[in-house]
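Listing of upload.cif; format and content: mmCIF, C-alpha atoms.
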```
data_model
#
loop_
_atom_site.label_atom_id
_atom_site.label_comp_id
_atom_site.auth_asym_id
_atom_site.auth_seq_id
_atom_site.Cartn_x
_atom_site.Cartn_y
_atom_site.Cartn_z
CA MET A 5 0.00 0.00 0.00
CA SER A 6 1.35 3.42 -0.96
CA VAL A 7 1.90 5.85 1.88
CA PHE A 8 0.18 8.46 -0.32
CA SER A 9 -2.94 6.32 -0.87
CA PRO A 10 -6.23 7.45 0.76
CA THR A 11 -5.55 5.06 3.62
CA GLY A 12 -1.77 5.54 3.67
CA ARG A 13 0.34 7.29 6.25
CA LEU A 14 0.77 10.50 4.22
CA ALA A 15 -2.72 10.70 2.68
CA VAL A 16 -3.23 13.93 4.63
CA LEU A 17 -1.05 15.66 2.01
CA ARG A 18 -3.88 15.21 -0.51
CA ASN A 19 -5.61 17.99 1.40
CA ARG A 20 -4.84 21.11 -0.69
CA ASN A 21 -4.97 23.44 2.29
CA VAL A 22 -2.53 21.29 4.23
CA SER A 23 -0.05 21.00 1.35
CA PHE A 24 -0.19 24.75 0.61
CA TYR A 25 0.12 25.63 4.29
CA LEU A 26 3.07 23.30 4.88
CA SER A 27 4.83 24.54 1.73
CA SER A 28 4.35 28.17 2.76
CA ARG A 29 5.56 27.47 6.29
CA PHE A 30 8.57 25.57 4.94
CA LEU A 31 9.72 28.42 2.68
CA GLY A 32 9.04 31.07 5.32
CA THR A 33 10.99 29.19 7.97
CA LEU A 34 13.80 28.48 5.51
CA ALA A 35 14.12 32.21 4.87
CA VAL A 36 14.09 33.09 8.57
CA GLN A 37 16.71 30.44 9.38
CA MET A 38 18.99 31.75 6.64
CA GLN A 39 18.63 35.23 8.06
CA SER A 40 19.39 34.07 11.60
CA VAL A 41 22.86 32.90 10.54
CA ALA A 42 23.53 36.18 8.75
CA ILE A 43 22.27 38.31 11.64
CA GLY A 44 24.28 36.45 14.30
CA TRP A 45 27.51 36.45 12.31
CA GLN A 46 27.07 40.06 11.17
CA VAL A 47 26.42 41.37 14.70
CA TYR A 48 29.35 39.41 16.15
CA GLN A 49 31.68 40.67 13.41
CA ILE A 50 30.68 44.26 14.17
CA THR A 51 30.73 44.13 18.00
CA HIS A 52 32.64 40.95 19.02
CA SER A 53 30.34 40.91 22.06
CA LEU A 54 28.68 37.82 23.57
CA PHE A 55 26.20 40.10 25.31
CA ASP A 56 25.15 41.60 21.96
CA LEU A 57 24.48 38.09 20.66
CA GLY A 58 22.12 37.61 23.62
CA LEU A 59 20.38 40.87 22.77
CA ILE A 60 19.34 39.38 19.41
CA GLY A 61 17.02 37.05 21.31
CA LEU A 62 15.83 39.71 23.73
CA ALA A 63 14.92 42.12 20.90
CA GLN A 64 12.59 39.48 19.48
CA PHE A 65 11.16 38.28 22.79
CA ALA A 66 10.28 41.64 24.40
CA PRO A 67 7.54 42.64 21.91
CA PHE A 68 6.48 39.01 21.71
CA LEU A 69 5.82 38.93 25.46
CA LEU A 70 3.91 42.23 25.40
CA LEU A 71 1.62 41.27 22.50
CA ILE A 72 1.14 37.51 22.75
CA LEU A 73 -2.01 37.41 24.93
CA TRP A 74 -3.77 39.89 22.67
CA ALA A 75 -2.54 37.87 19.69
CA GLY A 76 -4.16 34.75 21.14
CA HIS A 77 -7.49 36.56 21.45
CA VAL A 78 -7.16 37.76 17.86
CA ALA A 79 -6.52 34.18 16.71
CA ASP A 80 -9.79 33.08 18.34
CA THR A 81 -11.90 35.96 17.00
CA HIS A 82 -10.48 36.50 13.49
CA ASN A 83 -9.59 34.41 10.46
CA ARG A 84 -6.37 32.58 11.34
CA ARG A 85 -5.31 32.23 7.70
CA LYS A 86 -5.45 35.99 7.17
CA ILE A 87 -3.46 36.59 10.36
CA ILE A 88 -0.70 34.27 9.16
CA LEU A 89 -0.68 35.96 5.75
CA ALA A 90 -0.28 39.43 7.29
CA CYS A 91 2.53 38.23 9.57
CA MET A 92 4.43 36.60 6.70
CA SER A 93 4.17 39.86 4.77
CA THR A 94 5.68 41.68 7.76
CA GLN A 95 8.54 39.16 7.85
CA LEU A 96 9.18 39.97 4.20
CA LEU A 97 9.41 43.66 5.11
CA CYS A 98 11.93 42.82 7.86
CA SER A 99 14.11 40.95 5.38
CA LEU A 100 14.13 43.94 3.05
CA LEU A 101 15.02 46.27 5.93
CA LEU A 102 17.97 44.06 6.91
CA ALA A 103 19.20 44.23 3.32
CA ALA A 104 18.91 48.02 3.42
CA PHE A 105 20.92 48.11 6.67
CA THR A 106 23.72 46.10 5.07
CA LEU A 107 23.78 48.32 1.98
CA SER A 108 24.07 51.39 4.20
CA GLY A 109 27.43 50.13 5.53
CA SER A 110 26.51 51.09 9.10
CA THR A 111 28.77 49.88 11.92
CA THR A 112 26.15 50.35 14.67
CA VAL A 113 23.81 47.45 15.36
CA TRP A 114 20.78 49.19 16.88
CA PRO A 115 18.93 49.22 13.48
CA VAL A 116 19.21 45.41 13.45
CA TYR A 117 17.61 45.23 16.90
CA ALA A 118 14.85 47.61 15.74
CA VAL A 119 14.04 45.30 12.82
CA LEU A 120 14.04 42.31 15.18
CA VAL A 121 11.51 44.10 17.41
CA LEU A 122 9.21 44.36 14.38
CA PHE A 123 9.89 40.72 13.54
CA GLY A 124 9.10 39.69 17.12
CA SER A 125 5.83 41.61 16.97
CA ALA A 126 4.79 39.80 13.79
CA ARG A 127 5.76 36.45 15.27
CA ALA A 128 3.66 37.18 18.35
CA PHE A 129 0.53 37.22 16.18
CA MET A 130 1.66 34.46 13.84
CA GLN A 131 2.52 31.78 16.39
CA PRO A 132 -0.89 31.31 18.09
CA ALA A 133 -2.65 31.39 14.72
CA SER A 134 -0.18 28.90 13.21
CA GLN A 135 -0.42 26.49 16.13
CA ALA A 136 -4.21 26.62 16.13
CA VAL A 137 -4.91 26.57 12.38
CA LEU A 138 -3.46 23.11 11.73
CA ARG A 139 -6.11 21.59 14.00
CA ASN A 140 -8.72 23.28 11.75
CA LEU A 141 -7.27 21.77 8.58
CA VAL A 142 -7.43 18.05 9.43
CA SER A 143 -9.65 15.55 11.21
CA THR A 144 -8.92 14.19 14.67
CA GLN A 145 -7.90 10.88 13.08
CA ASP A 146 -5.22 12.54 10.92
CA PHE A 147 -4.07 15.15 13.40
CA SER A 148 -1.11 13.31 14.96
CA GLN A 149 0.29 12.54 11.50
CA ALA A 150 -0.27 16.15 10.41
CA VAL A 151 1.66 17.34 13.46
CA ALA A 152 4.55 15.00 12.64
CA LEU A 153 4.56 16.14 8.99
CA SER A 154 4.39 19.77 10.04
CA SER A 155 7.34 19.20 12.36
CA SER A 156 9.22 17.36 9.59
CA THR A 157 8.85 20.17 7.06
CA PHE A 158 9.73 22.71 9.73
CA GLN A 159 12.87 20.83 10.71
CA VAL A 160 13.95 20.30 7.09
CA SER A 161 13.89 24.08 6.71
CA VAL A 162 15.83 24.36 9.97
CA ILE A 163 18.42 22.03 8.46
CA ALA A 164 18.69 23.64 5.04
CA GLY A 165 18.32 27.26 6.15
CA PRO A 166 21.51 27.63 8.22
CA VAL A 167 23.57 25.72 5.64
CA LEU A 168 22.33 27.94 2.82
CA GLY A 169 22.74 31.01 5.00
CA GLY A 170 26.33 30.05 5.87
CA LEU A 171 27.23 29.29 2.25
CA LEU A 172 25.63 32.44 0.88
CA TYR A 173 27.23 34.58 3.58
CA VAL A 174 30.55 33.99 1.82
CA PHE A 175 29.22 36.39 -0.84
CA GLY A 176 28.03 38.86 1.79
CA PRO A 177 25.04 39.21 4.13
CA ASN A 178 23.10 41.15 1.51
CA VAL A 179 22.98 38.05 -0.70
CA VAL A 180 21.44 36.11 2.20
CA TYR A 181 18.79 38.79 2.73
CA ALA A 182 18.01 38.96 -1.00
CA VAL A 183 17.43 35.20 -1.26
CA SER A 184 15.42 35.23 1.97
CA SER A 185 13.19 37.99 0.61
CA THR A 186 12.54 35.98 -2.56
CA LEU A 187 11.56 32.89 -0.57
CA LEU A 188 9.23 34.95 1.61
CA VAL A 189 7.49 36.34 -1.48
CA VAL A 190 6.70 32.77 -2.60
CA ALA A 191 5.62 31.84 0.94
CA VAL A 192 3.18 34.75 1.02
CA LEU A 193 1.71 33.73 -2.37
CA LEU A 194 1.24 30.12 -1.22
CA MET A 195 -0.45 31.22 1.98
CA ALA A 196 -2.73 33.50 -0.05
CA GLY A 197 -3.67 30.44 -2.13
CA THR A 198 -5.07 28.51 0.83
CA LYS A 199 -8.77 28.60 1.63
CA SER A 200 -10.24 29.58 4.97
CA ALA A 201 -10.74 26.52 7.18
CA PRO A 202 -13.72 25.87 9.52
CA GLN A 203 -13.09 27.62 12.81
CA ALA A 204 -15.15 27.87 15.99
CA ARG A 205 -14.78 31.61 16.66
CA ASN A 206 -15.18 33.19 20.06
CA LYS A 207 -17.38 36.30 19.80
CA ALA A 208 -16.72 37.66 23.30
CA PRO A 209 -15.40 41.26 23.32
CA VAL A 210 -11.79 41.80 24.29
CA SER A 211 -11.27 42.19 28.03
CA TRP A 212 -8.83 41.07 30.68
CA HIS A 213 -11.17 38.14 31.36
CA THR A 214 -11.05 36.92 27.76
CA LEU A 215 -7.34 37.67 27.36
CA LEU A 216 -6.49 35.56 30.41
CA GLU A 217 -8.84 32.69 29.52
CA GLY A 218 -5.99 30.67 28.03
CA LEU A 219 -3.83 31.17 31.10
CA ARG A 220 -6.67 30.06 33.42
CA PHE A 221 -7.25 26.98 31.27
CA VAL A 222 -3.57 25.99 31.34
CA TRP A 223 -3.38 26.52 35.10
CA SER A 224 -6.40 24.25 35.60
CA ARG A 225 -4.84 21.37 33.60
CA PRO A 226 -1.78 19.91 35.41
CA ILE A 227 -0.89 17.85 32.34
CA VAL A 228 -0.78 20.90 30.05
CA LEU A 229 0.89 23.12 32.67
CA GLY A 230 3.57 20.53 33.39
CA ALA A 231 4.32 19.90 29.71
CA ILE A 232 4.76 23.51 28.62
CA SER A 233 6.52 24.67 31.80
CA LEU A 234 9.00 21.79 31.45
CA ASP A 235 9.94 23.12 28.02
CA LEU A 236 10.18 26.67 29.37
CA PHE A 237 12.68 25.99 32.12
CA ALA A 238 14.63 23.22 30.39
CA VAL A 239 15.33 25.16 27.19
CA LEU A 240 15.66 28.46 29.09
CA PHE A 241 18.82 27.13 30.70
CA GLY A 242 19.90 24.91 27.82
CA GLY A 243 19.69 27.47 25.00
CA ALA A 244 23.36 27.16 24.06
CA THR A 245 22.63 27.37 20.31
CA ALA A 246 22.50 31.17 20.68
CA LEU A 247 26.23 31.05 21.43
CA LEU A 248 27.11 29.07 18.30
CA PRO A 249 28.64 32.06 16.41
CA ALA A 250 31.11 32.61 19.27
CA TYR A 251 31.51 28.85 19.86
CA ALA A 252 32.39 28.25 16.19
CA HIS A 253 34.76 31.21 16.05
CA ASP A 254 36.50 31.01 19.44
CA VAL A 255 36.39 27.32 20.45
CA LEU A 256 36.36 25.44 17.14
CA GLN A 257 38.29 28.10 15.17
CA ALA A 258 35.73 27.77 12.35
CA GLY A 259 34.12 30.14 9.86
CA PRO A 260 30.55 30.97 8.74
CA THR A 261 30.19 27.81 6.61
CA SER A 262 31.01 25.61 9.60
CA LEU A 263 28.64 27.72 11.69
CA GLY A 264 25.91 26.90 9.17
CA LEU A 265 26.61 23.19 9.62
CA LEU A 266 26.52 23.52 13.40
CA ARG A 267 23.23 25.39 13.20
CA THR A 268 21.93 22.63 10.92
CA ALA A 269 22.79 19.69 13.17
CA PRO A 270 19.91 20.15 15.67
CA GLY A 271 17.48 20.44 12.77
CA ALA A 272 18.87 17.28 11.20
CA GLY A 273 18.32 15.34 14.39
CA ALA A 274 14.84 16.78 14.79
CA THR A 275 13.92 16.04 11.16
CA ILE A 276 14.94 12.41 11.25
CA CYS A 277 13.10 12.02 14.54
CA SER A 278 9.94 13.73 13.21
CA ILE A 279 9.94 11.58 10.05
CA ALA A 280 10.12 8.50 12.25
CA LEU A 281 7.23 9.86 14.33
CA ALA A 282 5.13 10.35 11.18
CA PHE A 283 5.34 6.63 10.46
CA TRP A 284 5.66 5.27 14.00
CA PRO A 285 3.89 7.77 16.28
CA ILE A 286 4.34 7.52 20.03
CA THR A 287 1.18 6.01 21.53
CA ARG A 288 2.35 4.46 24.81
CA LYS A 289 4.46 5.73 27.76
CA VAL A 290 3.93 9.29 26.57
CA GLY A 291 5.25 10.89 29.77
CA ALA A 292 8.42 8.80 29.90
CA TRP A 293 9.19 9.62 26.27
CA MET A 294 8.76 13.35 26.84
CA PHE A 295 11.00 13.49 29.92
CA GLY A 296 13.54 11.26 28.19
CA GLY A 297 13.68 13.66 25.25
CA VAL A 298 14.36 16.64 27.51
CA ALA A 299 17.04 14.68 29.40
CA LEU A 300 18.74 13.85 26.09
CA PHE A 301 18.64 17.56 25.24
CA GLY A 302 20.43 18.43 28.47
CA ALA A 303 23.05 15.67 28.20
CA ALA A 304 23.86 16.66 24.61
CA THR A 305 24.30 20.29 25.69
CA VAL A 306 26.83 19.24 28.35
CA THR A 307 28.72 17.17 25.76
CA MET A 308 28.85 20.09 23.36
CA GLY A 309 30.28 22.34 26.05
CA LEU A 310 33.01 19.90 27.03
CA THR A 311 34.32 19.10 23.53
CA THR A 312 36.69 20.99 21.25
CA SER A 313 36.07 18.59 18.34
CA PHE A 314 33.94 19.88 15.47
CA HIS A 315 32.62 16.38 14.70
CA VAL A 316 31.72 15.59 18.31
CA ALA A 317 29.93 18.94 18.52
CA LEU A 318 27.94 18.05 15.38
CA VAL A 319 26.85 14.71 16.88
CA ALA A 320 25.93 16.36 20.19
CA LEU A 321 23.84 19.00 18.42
CA PHE A 322 22.19 16.28 16.31
CA LEU A 323 21.13 14.40 19.45
CA LEU A 324 20.06 17.68 21.06
CA GLY A 325 17.65 18.25 18.17
CA ALA A 326 16.28 14.70 18.30
CA GLY A 327 15.57 14.97 22.02
CA ASP A 328 13.92 18.34 21.58
CA MET A 329 11.72 17.00 18.76
CA ILE A 330 10.33 14.22 20.96
CA SER A 331 9.40 16.77 23.62
CA VAL A 332 7.89 19.22 21.11
CA TYR A 333 5.82 16.51 19.42
CA ILE A 334 4.32 15.20 22.64
CA ARG A 335 3.71 18.65 24.11
CA HIS A 336 1.96 19.89 20.98
CA LEU A 337 -0.40 16.91 20.88
CA LEU A 338 -1.17 17.19 24.59
CA VAL A 339 -2.04 20.88 24.34
CA GLN A 340 -4.14 20.57 21.19
CA TYR A 341 -6.05 17.45 22.29
CA GLU A 342 -6.89 18.99 25.65
CA THR A 343 -8.05 22.40 24.30
CA PRO A 344 -11.50 23.32 22.88
CA ASP A 345 -11.28 25.06 19.48
CA GLU A 346 -12.97 28.28 20.65
CA ILE A 347 -10.08 29.02 23.04
CA ARG A 348 -7.31 27.24 21.11
CA GLY A 349 -5.76 30.51 19.97
CA ARG A 350 -5.45 31.85 23.53
CA VAL A 351 -4.10 28.57 24.88
CA SER A 352 -1.66 28.46 21.96
CA ALA A 353 -0.66 32.01 22.92
CA VAL A 354 0.18 30.88 26.45
CA ASN A 355 2.13 27.98 24.97
CA ALA A 356 3.88 30.45 22.65
CA VAL A 357 4.89 32.59 25.64
CA PHE A 358 6.55 29.56 27.22
CA ILE A 359 8.22 28.60 23.92
CA GLY A 360 9.34 32.17 23.26
CA ALA A 361 10.69 32.55 26.76
CA SER A 362 12.59 29.30 26.47
CA ASN A 363 14.06 30.24 23.09
CA GLU A 364 14.59 34.02 22.83
CA LEU A 365 14.86 34.70 26.57
CA GLY A 366 17.03 31.60 26.79
CA GLU A 367 19.31 33.14 24.17
CA PHE A 368 19.59 36.28 26.29
CA GLU A 369 20.24 34.18 29.41
CA SER A 370 22.96 32.26 27.57
CA GLY A 371 24.64 35.45 26.38
CA LEU A 372 24.47 36.98 29.85
CA THR A 373 25.76 33.81 31.55
CA ALA A 374 28.58 33.51 29.02
CA SER A 375 29.64 37.09 29.70
CA TRP A 376 29.84 36.21 33.43
CA LEU A 377 31.18 32.64 33.45
CA GLY A 378 32.85 32.36 30.06
CA LEU A 379 31.63 30.60 26.93
CA VAL A 380 32.36 26.95 27.76
CA ARG A 381 31.27 27.12 31.40
CA ALA A 382 27.99 28.76 30.39
CA ILE A 383 27.17 25.95 27.94
CA VAL A 384 27.96 23.21 30.49
CA PHE A 385 26.02 25.04 33.20
CA GLY A 386 22.98 25.24 30.91
CA GLY A 387 23.03 21.51 30.16
CA VAL A 388 23.35 20.54 33.82
CA ALA A 389 20.51 22.92 34.73
CA THR A 390 18.31 21.25 32.10
CA LEU A 391 18.93 17.84 33.66
CA VAL A 392 18.10 19.21 37.11
CA VAL A 393 14.85 20.71 35.79
CA THR A 394 13.91 17.37 34.20
CA GLY A 395 14.26 15.49 37.46
CA THR A 396 12.46 18.19 39.43
CA TRP A 397 9.47 18.27 37.05
CA MET A 398 9.09 14.49 37.25
CA LYS A 399 8.55 14.96 41.00
CA LEU A 400 6.30 18.05 40.66
CA PHE A 401 4.03 16.55 37.96
CA PRO A 402 3.81 12.79 38.63
CA VAL A 403 0.57 12.54 36.62
CA LEU A 404 2.55 13.68 33.57
CA SER A 405 5.61 11.51 34.14
CA ARG A 406 3.38 8.41 34.57
CA MET A 407 1.08 9.21 31.61
CA ASP A 408 0.69 6.23 29.28
CA ARG A 409 -1.60 7.41 26.44
CA PHE A 410 -2.66 10.73 24.90
CA PRO A 411 -6.10 12.08 25.90
CA HIS A 412 -8.65 12.29 23.08
CA HIS A 413 -11.30 14.67 24.39
CA ASP A 414 -11.42 16.90 21.29
CA THR A 415 -13.87 16.80 18.42
CA ASP A 416 -13.38 17.83 14.81
CA PRO A 417 -13.36 21.63 14.42
CA ALA A 418 -15.89 21.47 11.60
CA ALA A 419 -18.29 19.51 13.78
CA ALA A 420 -17.73 21.89 16.65
CA THR A 421 -18.46 24.82 14.35
CA ALA A 422 -21.68 23.21 13.13
CA LYS A 423 -22.77 22.55 16.71
CA ALA A 424 -22.01 26.16 17.69
CA GLY A 425 -24.06 27.37 14.72
#
```
Could you spell out this file's structure in structure tokens?
Amino acid sequence: MSVFSPTGRLAVLRNRNVSFYLSSRFLGTLAVQMQSVAIGWQVYQITHSLFDLGLIGLAQFAPFLLLILWAGHVADTHNRRKIILACMSTQLLCSLLLAAFTLSGSTTVWPVYAVLVLFGSARAFMQPASQAVLRNLVSTQDFSQAVALSSSTFQVSVIAGPVLGGLLYVFGPNVVYAVSSTLLVVAVLLMAGTKSAPQARNKAPVSWHTLLEGLRFVWSRPIVLGAISLDLFAVLFGGATALLPAYAHDVLQAGPTSLGLLRTAPGAGATICSIALAFWPITRKVGAWMFGGVALFGAATVTMGLTTSFHVALVALFLLGAGDMISVYIRHLLVQYETPDEIRGRVSAVNAVFIGASNELGEFESGLTASWLGLVRAIVFGGVATLVVTGTWMKLFPVLSRMDRFPHHDTDPAAATAKAG
């Protein structure tokens, strides 16, 4: 039986909306990943400051934190497809502004941080809508496979983006930004070609009560709270990938092409893992798998910090990505299965706050810690802290660590919409 047959593993790709959405997301993420290599290397070449590398994450996270709850409400009350389209268009504008900065020949980096603030604002609105819209595109039966495929395409772009960014940077950062802008144009066109999916919209007016609905829901569900807070604190301390430009330059004595390969390794591990999950999804011992993935993430971070070998660092980063993918996959399914569609945007916003804090704020924490302790000590400290968090959360959330199967309380969005009507 073909995996693309109506009953095959990848039959979900016959859904035009799904294929257009995944293609658009792939190209958009590819462009952003290419840019991230160029931005990190360009800033470090101008300032040679570890703290300034950390500020790259903070510039994106600050507006994200301020806007994300409102963004979740918008995702529940407005067309999620149109929100994603507007945010992708803003990302295109950011890419063009970065190209303009490079052409100006400026040696001050504050314009880069200003563009990243705009980028962070767009991502604040895009992330809840993106997390919630996939559940609107497929049935409950196909959802776990759609999540794995979505993760696979995302991770492929995470693999290819840094490599392309590192290779193109040889010709200058402006070449990277030009190619990124072209990819984002195609991503916008693909997203515009999707059709609006059924969505159970919340018609309540905006208020503090409605804005905080997602937070109250998460707090009332120990399984959801434990899953997303585990990711927050584990990756917050283990976000050593933000230090890769300095790590490649100072520890491994490598250039931008090698940096691209290092940035690619976590995505490679995550991609192979997500492809395996698409064909052999996790259905038993869910909690043990999730905590095991986070523990692997922490152990790989420690290994990376202790080695001076480029090849060992690549393997460690590969395993780091695989462990992270297991955790992301399980957490995403737990949150989406447990959440009613009419508040899915706001719950996704809360989840996005935790993810954003763990990533961008984690980058700032890594830069700050490295400026205090030194580069290598900061990386090792982050990995050890991740392992400590993993053990602590197993004690704090025993219902999660002992969980065997996923809950299946949700109904199809289309059916929920018909019932609401």
Record the distance separating atom CA of Leu100 of chain A and atom CA of Ser185 of chain A, expressed in Å with one decimal.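 These atoms are spaced 6.5 Å apart.
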Can you list what the PyMOL selection byres ((chain A and resi 401) around 10) grabs from this structure, as an MDAnalysis selection string? chainID A and resid 226:227 229:231 234 396:400 402:406
Expected file contents, prior selection, C-alpha atoms, as a compact mmCIF listing (two decimals), keeping the file's coordinate frame:
```
# COMPACT_ATOMS: atom_id res chain seq x y z
CA PRO A 226 -1.78 19.91 35.41
CA ILE A 227 -0.89 17.85 32.34
CA LEU A 229 0.89 23.12 32.67
CA GLY A 230 3.57 20.53 33.39
CA ALA A 231 4.32 19.90 29.71
CA LEU A 234 9.00 21.79 31.45
CA THR A 396 12.46 18.19 39.43
CA TRP A 397 9.47 18.27 37.05
CA MET A 398 9.09 14.49 37.25
CA LYS A 399 8.55 14.96 41.00
CA LEU A 400 6.30 18.05 40.66
CA PRO A 402 3.81 12.79 38.63
CA VAL A 403 0.57 12.54 36.62
CA LEU A 404 2.55 13.68 33.57
CA SER A 405 5.61 11.51 34.14
CA ARG A 406 3.38 8.41 34.57
```
Picked residues, the PyMOL selection byres ((chain A and resi 256) around 12), expected as a PyMOL selection string: chain A and resi 248-255+257-260+262-263+266+308-318+380
Using the chain letters and residue numbers of this document, give as number ranges by chain the residues selected by the PyMOL selection byres ((chain A and resi 162) around 12). A: 29-41, 155-161, 163-169, 264-275, 325
Between atom CA of Gln135 of chain A and atom CA of Val339 of chain A, what is the spacing in Å?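 Straight-line distance from atom CA of Val339 of chain A to atom CA of Gln135 of chain A works out to 10.1 Å.
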Report the distance between atom CA of Ala182 of chain A and atom CA of Ser99 of chain A in Å, rounded to one decimal place.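 It comes out at 7.7 Å.
The smallest atom-to-atom distance between Leu281 of chain A and any of A:Ala63, A:Val151, A:Val354, A:Leu194, using only C-alpha atoms, is found for A:Val151.
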Any idea what's packed within 9 Å of Tyr173 of chain A, counting all atoms listed in the file, ignoring anything in its chain fewer than 6 positions away? Could you give it as a count of residues only? 7
With only C-alpha atoms as the counted atoms, please give the residues lying no more than 12 Å from Leu107 of chain A, apart from itself and same-chain residues fewer than 2 positions off, as an MDAnalysis selection string. chainID A and resid 100:105 109:111 176:179 181:182
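Near segment 51-54 of chain A, within 8 Å and counting only C-alpha atoms, sit Leu247, Ala250, Gly371, Leu372, Ala374 and Ser375 of chain A, not including residues fewer than 5 positions from it in the same chain.
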